[in-house]
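Just model-v3.tsv here, TSV, C-alpha atoms (C1' of nucleotides):
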```tsv
chain	number	residue	atom	x	y	z
D	1	MET	CA	84.20	94.71	67.60
D	2	GLY	CA	87.77	93.53	67.47
D	3	LEU	CA	88.26	90.28	65.68
D	4	GLY	CA	88.15	87.18	67.79
D	5	PHE	CA	85.52	88.17	70.31
D	6	GLY	CA	82.40	87.10	68.52
D	7	ILE	CA	83.79	84.28	66.47
D	8	ARG	CA	83.09	80.74	67.62
D	9	ILE	CA	85.05	77.91	66.04
D	10	GLY	CA	83.90	74.34	65.68
D	11	TYR	CA	83.97	71.13	63.68
D	12	PRO	CA	81.52	68.57	62.34
D	13	CYS	CA	80.07	65.49	63.92
D	14	ILE	CA	83.08	63.48	65.04
D	15	ASN	CA	85.70	63.83	67.74
D	16	ASN	CA	88.71	61.56	67.37
D	17	SER	CA	90.35	62.56	70.64
D	18	ILE	CA	87.71	60.85	72.73
D	19	PRO	CA	87.56	57.10	72.18
D	20	HIS	CA	84.45	55.53	70.65
D	21	THR	CA	82.49	58.72	70.26
D	22	SER	CA	81.70	58.50	66.57
D	23	PRO	CA	77.98	58.40	66.17
D	24	SER	CA	77.17	54.77	65.58
D	25	THR	CA	74.64	53.35	63.19
D	26	PHE	CA	73.78	50.00	61.71
D	27	ARG	CA	72.40	48.39	58.57
D	28	LEU	CA	68.76	48.59	57.67
D	29	ALA	CA	68.81	44.81	57.26
D	30	SER	CA	69.64	44.39	60.93
D	31	TYR	CA	67.08	46.90	62.16
D	32	SER	CA	65.32	46.22	65.39
D	33	GLU	CA	63.71	48.58	67.84
D	34	ASN	CA	65.97	47.36	70.60
D	35	LYS	CA	69.05	47.97	68.46
D	36	LEU	CA	67.81	51.46	67.68
D	37	VAL	CA	67.19	52.30	71.33
D	38	GLN	CA	70.60	51.03	72.39
D	39	THR	CA	72.32	52.89	69.56
D	40	VAL	CA	70.58	56.17	70.32
D	41	LYS	CA	71.38	55.85	74.01
D	42	GLY	CA	75.05	55.48	73.14
D	43	ASN	CA	74.99	58.31	70.62
D	44	LEU	CA	73.39	60.73	73.08
D	45	TYR	CA	75.86	59.79	75.79
D	46	HIS	CA	78.77	60.35	73.40
D	47	LEU	CA	77.32	63.63	72.15
D	48	ALA	CA	77.27	64.88	75.72
D	49	GLN	CA	80.90	63.79	76.14
D	50	ILE	CA	81.94	65.60	72.98
D	51	LEU	CA	80.20	68.79	74.07
D	52	LYS	CA	82.03	68.68	77.39
D	53	TYR	CA	85.34	68.27	75.57
D	54	ASN	CA	84.41	71.19	73.35
D	55	VAL	CA	83.55	73.49	76.24
D	56	LYS	CA	86.74	72.56	78.04
D	57	ASN	CA	88.69	73.42	74.89
D	58	ASN	CA	86.70	76.51	74.01
D	59	LEU	CA	85.35	75.05	70.77
D	60	LEU	CA	81.89	76.53	70.95
D	61	PHE	CA	80.40	75.54	67.61
D	62	PHE	CA	79.43	71.97	66.83
D	63	ARG	CA	77.63	70.19	64.00
D	64	ILE	CA	75.53	67.34	65.36
D	65	SER	CA	75.59	64.22	63.21
D	66	SER	CA	72.52	63.26	61.23
D	67	ASP	CA	73.18	59.72	62.45
D	68	LEU	CA	72.18	60.64	65.99
D	69	ILE	CA	68.98	58.65	65.51
D	70	PRO	CA	69.52	56.18	62.65
D	71	PHE	CA	66.58	55.66	60.30
D	72	ALA	CA	64.55	58.28	62.15
D	73	SER	CA	62.83	59.37	58.94
D	74	HIS	CA	62.60	55.91	57.42
D	75	PRO	CA	59.17	54.21	57.40
D	76	ILE	CA	60.67	51.30	59.31
D	77	CYS	CA	61.06	53.50	62.38
D	78	LYS	CA	57.88	53.49	64.46
D	79	LEU	CA	59.64	54.41	67.68
D	80	ASP	CA	58.47	57.59	69.42
D	81	TRP	CA	62.05	58.65	70.02
D	82	ARG	CA	61.03	62.15	71.10
D	83	ALA	CA	59.09	60.81	74.04
D	84	LEU	CA	61.61	58.12	74.87
D	85	PHE	CA	64.69	60.36	74.87
D	86	GLN	CA	63.10	63.65	75.84
D	87	SER	CA	64.95	64.03	79.12
D	88	GLU	CA	68.36	63.15	77.60
D	89	LEU	CA	67.77	65.56	74.73
D	90	GLU	CA	66.62	68.29	77.08
D	91	GLN	CA	69.67	67.83	79.27
D	92	ILE	CA	71.94	68.17	76.27
D	93	GLY	CA	69.96	71.23	75.21
D	94	ASP	CA	70.36	72.75	78.66
D	95	TYR	CA	74.11	72.19	78.52
D	96	ILE	CA	74.27	73.78	75.08
D	97	LYS	CA	72.37	76.85	76.25
D	98	GLN	CA	74.28	77.10	79.51
D	99	HIS	CA	77.58	77.28	77.63
D	100	ASP	CA	76.32	79.26	74.67
D	101	ILE	CA	77.35	76.57	72.21
D	102	ARG	CA	76.36	77.17	68.60
D	103	ILE	CA	74.72	74.19	66.94
D	104	SER	CA	74.13	73.17	63.36
D	105	MET	CA	73.07	70.02	61.56
D	106	HIS	CA	73.71	69.09	57.93
D	107	PRO	CA	71.43	66.51	56.33
D	108	ASP	CA	73.18	64.72	53.51
D	109	GLN	CA	72.87	64.85	49.74
D	110	PHE	CA	69.55	63.05	49.62
D	111	VAL	CA	67.66	66.06	50.91
D	112	ILE	CA	66.61	67.90	47.78
D	113	LEU	CA	63.87	70.47	48.03
D	114	ASN	CA	63.92	71.36	44.34
D	115	SER	CA	63.37	67.83	43.10
D	116	PRO	CA	60.66	67.49	40.45
D	117	ASN	CA	59.90	64.08	41.97
D	118	ASP	CA	57.20	64.25	44.66
D	119	VAL	CA	58.47	61.19	46.48
D	120	ILE	CA	61.98	62.60	46.78
D	121	LEU	CA	60.52	65.89	47.97
D	122	LYS	CA	58.38	64.16	50.56
D	123	ASN	CA	61.32	62.09	51.84
D	124	SER	CA	63.42	65.24	51.99
D	125	ILE	CA	60.81	67.06	54.05
D	126	ASN	CA	60.56	64.08	56.41
D	127	GLU	CA	64.31	64.14	56.87
D	128	LEU	CA	64.29	67.88	57.56
D	129	THR	CA	61.47	67.43	60.04
D	130	TYR	CA	63.54	64.82	61.87
D	131	HIS	CA	66.52	67.18	62.12
D	132	CYS	CA	64.39	70.08	63.35
D	133	LYS	CA	62.61	67.92	65.90
D	134	ILE	CA	65.92	66.96	67.45
D	135	LEU	CA	66.78	70.61	67.95
D	136	ASP	CA	63.22	71.42	69.08
D	137	THR	CA	63.27	68.64	71.65
D	138	MET	CA	66.55	70.08	72.94
D	139	ARG	CA	64.58	73.33	73.26
D	140	LEU	CA	67.13	75.27	71.28
D	141	ASP	CA	66.14	78.59	69.76
D	142	ALA	CA	66.19	79.47	66.06
D	143	THR	CA	69.94	80.10	66.10
D	144	ALA	CA	70.40	76.31	65.85
D	145	LYS	CA	70.31	75.72	62.11
D	146	VAL	CA	69.82	72.91	59.64
D	147	GLN	CA	71.85	73.48	56.51
D	148	ILE	CA	71.34	71.97	53.07
D	149	HIS	CA	72.43	72.56	49.51
D	150	VAL	CA	70.02	73.96	46.94
D	151	GLY	CA	69.70	70.60	45.16
D	152	GLY	CA	69.94	69.40	41.58
D	153	ALA	CA	70.12	71.46	38.39
D	154	TYR	CA	68.29	68.99	36.15
D	155	GLY	CA	69.75	70.67	33.09
D	156	ASN	CA	68.06	74.00	33.76
D	157	LYS	CA	69.36	76.04	36.64
D	158	VAL	CA	66.82	78.84	36.31
D	159	LYS	CA	63.92	76.42	36.60
D	160	ALA	CA	65.70	74.52	39.35
D	161	ILE	CA	66.05	77.72	41.38
D	162	ASP	CA	62.40	78.62	40.73
D	163	ARG	CA	61.35	75.21	41.97
D	164	PHE	CA	63.32	75.68	45.19
D	165	VAL	CA	61.72	79.08	45.76
D	166	ASN	CA	58.19	77.86	45.03
D	167	THR	CA	58.54	74.83	47.27
D	168	TYR	CA	60.04	76.86	50.08
D	169	ASN	CA	57.31	79.49	49.84
D	170	ASN	CA	54.52	76.91	49.80
D	171	ASP	CA	53.35	76.85	53.41
D	172	SER	CA	51.44	73.63	52.93
D	173	LEU	CA	54.73	71.91	52.04
D	174	ILE	CA	57.32	73.56	54.28
D	175	ASP	CA	56.03	74.58	57.69
D	176	ASP	CA	57.51	76.91	60.27
D	177	VAL	CA	59.12	74.09	62.22
D	178	ILE	CA	61.48	73.73	59.26
D	179	LYS	CA	61.55	77.34	58.10
D	180	ARG	CA	62.85	78.78	61.33
D	181	ARG	CA	65.94	76.57	61.09
D	182	LEU	CA	66.58	75.95	57.42
D	183	VAL	CA	69.56	77.63	55.76
D	184	ILE	CA	71.23	76.99	52.41
D	185	GLU	CA	74.89	76.71	51.52
D	186	ASN	CA	76.66	77.47	48.25
D	187	ASP	CA	78.00	74.27	46.68
D	188	ASP	CA	81.12	73.54	44.65
D	189	ARG	CA	79.65	73.08	41.15
D	190	LEU	CA	75.92	73.81	40.71
D	191	PHE	CA	74.65	76.66	42.86
D	192	ASN	CA	77.18	79.32	43.79
D	193	ILE	CA	76.88	82.28	46.09
D	194	MET	CA	75.11	84.42	43.47
D	195	ASP	CA	72.51	81.69	42.96
D	196	CYS	CA	71.98	81.46	46.70
D	197	LEU	CA	71.62	85.22	46.99
D	198	SER	CA	68.99	85.16	44.29
D	199	ILE	CA	67.10	82.48	46.22
D	200	ASN	CA	67.46	84.54	49.37
D	201	LYS	CA	65.88	87.51	47.63
D	202	HIS	CA	62.73	85.51	47.00
D	203	THR	CA	62.60	83.56	50.24
D	204	GLY	CA	64.57	85.38	52.92
D	205	ILE	CA	66.43	82.15	53.70
D	206	PRO	CA	69.84	82.77	55.30
D	207	ILE	CA	72.98	81.60	53.50
D	208	VAL	CA	75.86	79.66	55.01
D	209	PHE	CA	78.96	80.80	53.17
D	210	ASP	CA	81.28	77.93	52.30
D	211	CYS	CA	84.69	79.43	51.50
D	212	PHE	CA	86.09	76.31	49.93
D	213	HIS	CA	83.11	75.82	47.64
D	214	HIS	CA	83.30	79.47	46.68
D	215	GLU	CA	86.92	79.00	45.74
D	216	LEU	CA	85.97	76.07	43.52
D	217	TYR	CA	82.89	77.64	41.95
D	218	CYS	CA	82.01	81.32	41.69
D	219	ASN	CA	81.59	84.11	39.16
D	220	GLY	CA	84.84	85.75	40.14
D	221	GLU	CA	83.52	87.73	43.09
D	222	PRO	CA	86.28	88.45	45.60
D	223	LEU	CA	85.98	86.41	48.79
D	224	LYS	CA	85.04	89.35	50.93
D	225	VAL	CA	82.31	90.57	48.59
D	226	ALA	CA	80.74	87.12	48.42
D	227	LEU	CA	81.06	86.59	52.14
D	228	CYS	CA	79.47	89.95	52.97
D	229	GLY	CA	76.57	89.11	50.67
D	230	ALA	CA	75.96	85.94	52.64
D	231	LEU	CA	76.38	87.62	56.04
D	232	LEU	CA	73.67	90.16	55.21
D	233	THR	CA	71.10	87.38	54.77
D	234	TRP	CA	71.15	86.63	58.51
D	235	ASN	CA	68.84	88.40	60.92
D	236	LYS	CA	71.12	88.41	63.94
D	237	ASP	CA	68.35	88.81	66.50
D	238	ILE	CA	66.59	85.65	65.34
D	239	ASP	CA	69.10	83.58	63.39
D	240	GLY	CA	72.14	84.43	65.47
D	241	SER	CA	75.58	85.12	64.11
D	242	PRO	CA	76.04	83.98	60.49
D	243	MET	CA	77.59	80.58	59.92
D	244	VAL	CA	80.59	79.99	57.70
D	245	ASP	CA	82.13	76.70	56.56
D	246	TYR	CA	85.87	76.79	56.07
D	247	SER	CA	88.20	74.26	54.49
D	248	SER	CA	91.07	74.14	52.12
D	249	SER	CA	92.06	71.69	49.45
D	250	ASN	CA	93.65	68.34	50.08
D	251	ASN	CA	96.77	68.73	47.99
D	252	LYS	CA	98.68	65.76	49.15
D	253	ALA	CA	101.54	65.48	46.68
D	254	GLY	CA	102.62	62.37	44.87
D	255	ARG	CA	99.39	60.45	44.68
D	256	LYS	CA	99.58	57.36	42.54
D	257	ASP	CA	96.68	58.26	40.30
D	258	GLY	CA	98.20	61.70	39.74
D	259	LYS	CA	94.76	63.27	39.91
D	260	SER	CA	94.12	66.56	41.54
D	261	ARG	CA	92.04	66.06	44.63
D	262	LYS	CA	90.50	69.44	44.35
D	263	GLY	CA	87.09	68.81	45.82
D	264	LYS	CA	88.47	66.97	48.80
D	265	HIS	CA	88.80	68.49	52.18
D	266	ALA	CA	92.23	68.93	53.66
D	267	GLU	CA	93.64	66.32	56.01
D	268	THR	CA	94.68	69.01	58.41
D	269	ILE	CA	94.32	72.76	58.55
D	270	ASN	CA	96.71	74.90	56.58
D	271	ALA	CA	97.50	77.51	59.20
D	272	ILE	CA	98.95	79.97	56.73
D	273	LEU	CA	95.85	79.96	54.56
D	274	PHE	CA	93.57	80.17	57.57
D	275	LYS	CA	95.48	83.14	58.90
D	276	LYS	CA	95.14	84.78	55.51
D	277	PHE	CA	91.40	84.14	55.64
D	278	LEU	CA	91.18	85.78	59.06
D	279	GLU	CA	93.12	88.78	57.78
D	280	GLU	CA	90.90	89.14	54.74
D	281	THR	CA	87.72	89.01	56.81
D	282	GLU	CA	88.87	91.12	59.72
D	283	GLY	CA	86.08	92.96	61.49
D	284	LEU	CA	83.31	90.68	60.26
D	285	ASP	CA	81.27	88.61	62.69
D	286	PHE	CA	80.42	84.97	62.10
D	287	ASP	CA	80.85	81.48	63.52
D	288	ILE	CA	83.10	79.01	61.69
D	289	ILE	CA	82.88	75.27	61.16
D	290	LEU	CA	86.23	73.86	60.07
D	291	GLU	CA	85.38	71.08	57.65
D	292	ILE	CA	88.68	69.34	57.90
D	293	LYS	CA	89.33	65.66	58.19
D	294	ASP	CA	91.17	65.63	61.46
D	295	LYS	CA	88.23	67.42	63.05
D	296	GLU	CA	88.89	68.76	66.56
D	297	LYS	CA	92.65	68.77	66.05
D	298	SER	CA	92.41	71.35	63.31
D	299	ALA	CA	89.67	73.21	65.17
D	300	LEU	CA	92.10	73.62	68.08
D	301	LYS	CA	94.81	74.87	65.73
D	302	GLY	CA	92.33	77.24	64.12
D	303	LEU	CA	91.28	78.55	67.50
D	304	LYS	CA	94.91	79.18	68.38
D	305	LYS	CA	95.41	81.15	65.19
D	306	LEU	CA	92.26	83.14	65.90
D	307	LYS	CA	93.49	84.06	69.35
D	308	GLU	CA	96.93	85.07	68.09
D	309	PHE	CA	95.25	87.19	65.53
D	310	GLY	CA	92.95	88.84	68.05
D	311	ASN	CA	95.91	89.90	70.20
B	1	DA	C1'	91.72	39.66	64.38
B	2	DG	C1'	91.79	41.41	60.02
B	3	DC	C1'	90.01	41.95	55.54
B	4	DA	C1'	87.00	43.34	51.79
B	5	DG	C1'	82.46	44.30	50.31
B	6	DT	C1'	78.86	47.02	51.25
B	7	DC	C1'	75.73	50.48	53.12
B	8	DA	C1'	68.13	54.17	52.85
B	9	DA	C1'	68.03	57.89	50.16
B	10	DG	C1'	70.12	61.78	44.50
B	11	DC	C1'	72.55	64.00	41.32
B	12	DA	C1'	76.29	65.01	38.17
B	13	DT	C1'	80.63	63.80	36.34
B	14	DT	C1'	83.98	60.56	34.70
B	15	DA	C1'	85.60	56.22	32.97
M	1	DT	C1'	76.61	51.64	31.45
M	2	DA	C1'	78.72	51.74	35.56
M	3	DA	C1'	81.57	53.75	39.05
M	4	DT	C1'	82.63	57.65	41.80
M	5	DG	C1'	82.23	61.67	45.00
M	6	DC	C1'	79.74	64.26	48.07
M	7	DT	C1'	80.44	65.36	55.35
M	8	DT	C1'	82.88	59.82	54.38
M	9	DG	C1'	83.17	56.36	57.74
M	10	DA	C1'	81.97	52.18	59.74
M	11	DC	C1'	78.99	47.98	59.71
M	12	DT	C1'	79.03	43.15	58.43
M	13	DG	C1'	80.14	38.66	57.21
M	14	DC	C1'	83.83	36.04	55.86
M	15	DT	C1'	88.30	33.94	56.59
```

If you took the structure in this file and wrote it as structure tokens, what would it be?
Amino acid sequence: MGLGFGIRIGYPCINNSIPHTSPSTFRLASYSENKLVQTVKGNLYHLAQILKYNVKNNLLFFRISSDLIPFASHPICKLDWRALFQSELEQIGDYIKQHDIRISMHPDQFVILNSPNDVILKNSINELTYHCKILDTMRLDATAKVQIHVGGAYGNKVKAIDRFVNTYNNDSLIDDVIKRRLVIENDDRLFNIMDCLSINKHTGIPIVFDCFHHELYCNGEPLKVALCGALLTWNKDIDGSPMVDYSSSNNKAGRKDGKSRKGKHAETINAILFKKFLEETEGLDFDIILEIKDKEKSALKGLKKLKEFGN
DNA sequence: AGCAGTCAAGCATTA
DNA sequence: TAATGCTTGACTGCT
């Protein structure tokens, strides 16, 4: 149970070391089925390339971009992409399983399960269904997660939390396809780790602990206390090892506007802070996504630190 | 080729 | 009232 054995390190969505592998998309105005098919083909090919790079470099956690299939949940998309790309998705899934790669996806800010607006809720559920179907078609087990934030506060956090819980617990709204993968993450200004834990109590939903958000917004709980709270919400046999997002602040000095860039992610990993984080959390098991702008470069540095620390 | 405006979607904050 | 930031980047049309 020494540190460094269980921990997998990864990064989100983009690899800048391999040319042209950013997931590509296009404008709704220029939508055509042919364009979609060509784009998805390219995206799947590049995803496979990135995963190979990751395995070669021992980066065994990856967040797959929501742009893998552009407009998949938009009404304009009539393409049966599951059928069309089943074999490519299965092959990628096989590779993921073969190398024990941890996978997550992170739909963007438009997915809001506690919205009082039925249309927004419906669109959100469609978007979640799309994400889960990708992972299902890859035949990944329930350790592949789809992570979202709690949503909006709408001026009343207690009611907003209640609405999340009620929606989540309503089986006619959220089915098991989504439930087996959905996890929530503490955000940087509305719903902190205590709020997430309270939602967990009423839903059982696992919590991704975001260290950086916790630093920006919490009730003063020490890092380790908050982190342990989140870790306990994961059922290891089903959900796998808990997921943690790590970043630090972008404190580039001497910006013209003189503003603090507090909410921004760092350009590159601060090795000293990351080492401190590893020291503080020694003995705990989880997988880490490094949400840092230079992506795989920082992930490699982080991995190096982790290995030094384990020795 | 390079530039600037713009991009499906929501919410909260700031100017 | 409008712009900005969020995982922010990259598509697009214009020069």

* Minimum-distance residue to DT7 of chain M, chosen among D:Ser198, D:Ser247, D:Ser115, D:Asn126 (using only C-alpha atoms (C1' of nucleotides)) -> D:Ser247

For Thr137 of chain D, find every residue with an atom within 12 Å (counting all atoms listed in the file), except residues of its own chain fewer than 5 positions away, and show them as an mmCIF file with C-alpha atoms, in the frame of the given file.
```cif
data_model
loop_
_atom_site.group_PDB
_atom_site.id
_atom_site.type_symbol
_atom_site.label_atom_id
_atom_site.label_comp_id
_atom_site.auth_asym_id
_atom_site.auth_seq_id
_atom_site.Cartn_x
_atom_site.Cartn_y
_atom_site.Cartn_z
ATOM 1 C CA TRP D 81 62.050 58.650 70.020
ATOM 2 C CA ARG D 82 61.030 62.150 71.100
ATOM 3 C CA ALA D 83 59.090 60.810 74.040
ATOM 4 C CA LEU D 84 61.610 58.120 74.870
ATOM 5 C CA PHE D 85 64.690 60.360 74.870
ATOM 6 C CA GLN D 86 63.100 63.650 75.840
ATOM 7 C CA SER D 87 64.950 64.030 79.120
ATOM 8 C CA GLU D 88 68.360 63.150 77.600
ATOM 9 C CA LEU D 89 67.770 65.560 74.730
ATOM 10 C CA GLU D 90 66.620 68.290 77.080
ATOM 11 C CA GLN D 91 69.670 67.830 79.270
ATOM 12 C CA ILE D 92 71.940 68.170 76.270
ATOM 13 C CA GLY D 93 69.960 71.230 75.210
ATOM 14 C CA ASP D 94 70.360 72.750 78.660
ATOM 15 C CA THR D 129 61.470 67.430 60.040
ATOM 16 C CA TYR D 130 63.540 64.820 61.870
ATOM 17 C CA HIS D 131 66.520 67.180 62.120
ATOM 18 C CA CYS D 132 64.390 70.080 63.350
ATOM 19 C CA ALA D 144 70.400 76.310 65.850
ATOM 20 C CA VAL D 177 59.120 74.090 62.220
#
```

* If you count only C-alpha atoms (C1' of nucleotides), which residues fall within 7 Å of Asp210 of chain D, apart from same-chain ones fewer than 2 positions away, as a list of chain:residue names? -> D:Glu185, D:Asn186, D:Val208, D:Phe212, D:His213, D:His214, D:Val244, D:Asp245, D:Tyr246

* To do: Using all atoms listed in the file, give me every residue within 12 Å of (80.3, 55.2, 54.4) in file coordinates, as number ranges by chain.
  => D: 24-27, 67, 108; B: 5-7; M: 5-11

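With all atoms listed in the file as the atoms that count, the residue of D:Glu221, D:Asp239, D:Glu280, D:Asp188 with the shortest distance to chain M is D:Asp188.
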
* To do: Using all atoms listed in the file, determine which residues of chain D fall within 12 Å of chain M; present them as number ranges by chain.
  => D: 11-14, 20, 22-30, 63-67, 105-110, 147-149, 187-189, 245, 247, 261-265, 289-293, 295

* To do: May I ask you to extract the residues of chain B within 8 Å of chain D, using only C-alpha atoms (C1' of nucleotides), and to give them as a list in words?
  => DC7, DA8, DA9, DG10 and DC11 of chain B

Env of Leu197 of chain D: 10 Å cut, atoms = all atoms listed in the file, seq-sep filter 2 positions within chain, self excluded. Answer as a PDB file with C-alpha atoms, in the frame of the given file.
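Once everything was written out, this is out_2.pdb:
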```pdb
ATOM      1  CA  ILE D 184      71.230  76.990  52.410  1.00  0.00           C
ATOM      2  CA  ASN D 186      76.660  77.470  48.250  1.00  0.00           C
ATOM      3  CA  PHE D 191      74.650  76.660  42.860  1.00  0.00           C
ATOM      4  CA  ASN D 192      77.180  79.320  43.790  1.00  0.00           C
ATOM      5  CA  ILE D 193      76.880  82.280  46.090  1.00  0.00           C
ATOM      6  CA  MET D 194      75.110  84.420  43.470  1.00  0.00           C
ATOM      7  CA  ASP D 195      72.510  81.690  42.960  1.00  0.00           C
ATOM      8  CA  ILE D 199      67.100  82.480  46.220  1.00  0.00           C
ATOM      9  CA  ASN D 200      67.460  84.540  49.370  1.00  0.00           C
ATOM     10  CA  LYS D 201      65.880  87.510  47.630  1.00  0.00           C
ATOM     11  CA  HIS D 202      62.730  85.510  47.000  1.00  0.00           C
ATOM     12  CA  THR D 203      62.600  83.560  50.240  1.00  0.00           C
ATOM     13  CA  GLY D 204      64.570  85.380  52.920  1.00  0.00           C
ATOM     14  CA  ILE D 205      66.430  82.150  53.700  1.00  0.00           C
ATOM     15  CA  PRO D 206      69.840  82.770  55.300  1.00  0.00           C
ATOM     16  CA  ILE D 207      72.980  81.600  53.500  1.00  0.00           C
ATOM     17  CA  ALA D 226      80.740  87.120  48.420  1.00  0.00           C
ATOM     18  CA  GLY D 229      76.570  89.110  50.670  1.00  0.00           C
ATOM     19  CA  ALA D 230      75.960  85.940  52.640  1.00  0.00           C
ATOM     20  CA  LEU D 232      73.670  90.160  55.210  1.00  0.00           C
ATOM     21  CA  THR D 233      71.100  87.380  54.770  1.00  0.00           C
TER      22      THR D 233
END
```

* Please identify all polymer residues lying at most 12 Å from the point (67.7, 49.9, 67.6) (file coordinates), using all atoms listed in the file, and present the result as an MDAnalysis selection string. => chainID D and resid 24:43 68:72 76:79 81

Is there a way to complete segment 275-281 of chain D with all heavy atoms and then write that out as a compact mmCIF listing (two decimals), in the coordinates of the input?
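Final file, part_3.txt:
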```txt
# COMPACT_ATOMS: atom_id res chain seq x y z
N LYS D 275 95.11 81.82 58.41
CA LYS D 275 95.48 83.14 58.90
C LYS D 275 95.15 84.21 57.86
O LYS D 275 94.63 85.28 58.17
CB LYS D 275 96.97 83.17 59.24
CG LYS D 275 97.47 84.49 59.78
CD LYS D 275 98.81 84.34 60.46
CE LYS D 275 99.30 85.67 60.99
NZ LYS D 275 100.21 86.35 60.04
N LYS D 276 95.44 83.86 56.61
CA LYS D 276 95.14 84.78 55.51
C LYS D 276 93.63 85.05 55.45
O LYS D 276 93.20 86.20 55.24
CB LYS D 276 95.64 84.16 54.20
CG LYS D 276 95.79 85.15 53.08
CD LYS D 276 96.52 84.50 51.89
CE LYS D 276 96.03 85.15 50.61
NZ LYS D 276 95.66 84.19 49.57
N PHE D 277 92.86 84.00 55.64
CA PHE D 277 91.40 84.14 55.64
C PHE D 277 90.96 85.09 56.75
O PHE D 277 90.12 85.98 56.55
CB PHE D 277 90.75 82.77 55.79
CG PHE D 277 89.26 82.83 56.04
CD1 PHE D 277 88.38 83.13 55.01
CD2 PHE D 277 88.75 82.59 57.31
CE1 PHE D 277 87.02 83.20 55.24
CE2 PHE D 277 87.39 82.66 57.55
CZ PHE D 277 86.52 82.96 56.51
N LEU D 278 91.54 84.92 57.93
CA LEU D 278 91.18 85.78 59.06
C LEU D 278 91.55 87.24 58.77
O LEU D 278 90.81 88.17 59.11
CB LEU D 278 91.87 85.31 60.34
CG LEU D 278 91.39 83.96 60.89
CD1 LEU D 278 92.24 83.54 62.08
CD2 LEU D 278 89.93 84.01 61.27
N GLU D 279 92.70 87.42 58.13
CA GLU D 279 93.12 88.78 57.78
C GLU D 279 92.16 89.41 56.79
O GLU D 279 91.74 90.56 56.94
CB GLU D 279 94.53 88.75 57.17
CG GLU D 279 95.63 88.56 58.21
CD GLU D 279 96.97 88.17 57.58
OE1 GLU D 279 97.04 88.04 56.35
OE2 GLU D 279 97.93 87.99 58.36
N GLU D 280 91.79 88.62 55.78
CA GLU D 280 90.90 89.14 54.74
C GLU D 280 89.52 89.50 55.26
O GLU D 280 88.82 90.31 54.66
CB GLU D 280 90.74 88.09 53.62
CG GLU D 280 91.89 88.04 52.64
CD GLU D 280 91.60 87.03 51.52
OE1 GLU D 280 90.84 87.35 50.61
OE2 GLU D 280 92.13 85.91 51.59
N THR D 281 89.10 88.82 56.34
CA THR D 281 87.72 89.01 56.81
C THR D 281 87.68 89.77 58.14
O THR D 281 86.69 89.73 58.85
CB THR D 281 87.04 87.65 56.99
OG1 THR D 281 87.78 86.89 57.94
CG2 THR D 281 86.98 86.89 55.68
```
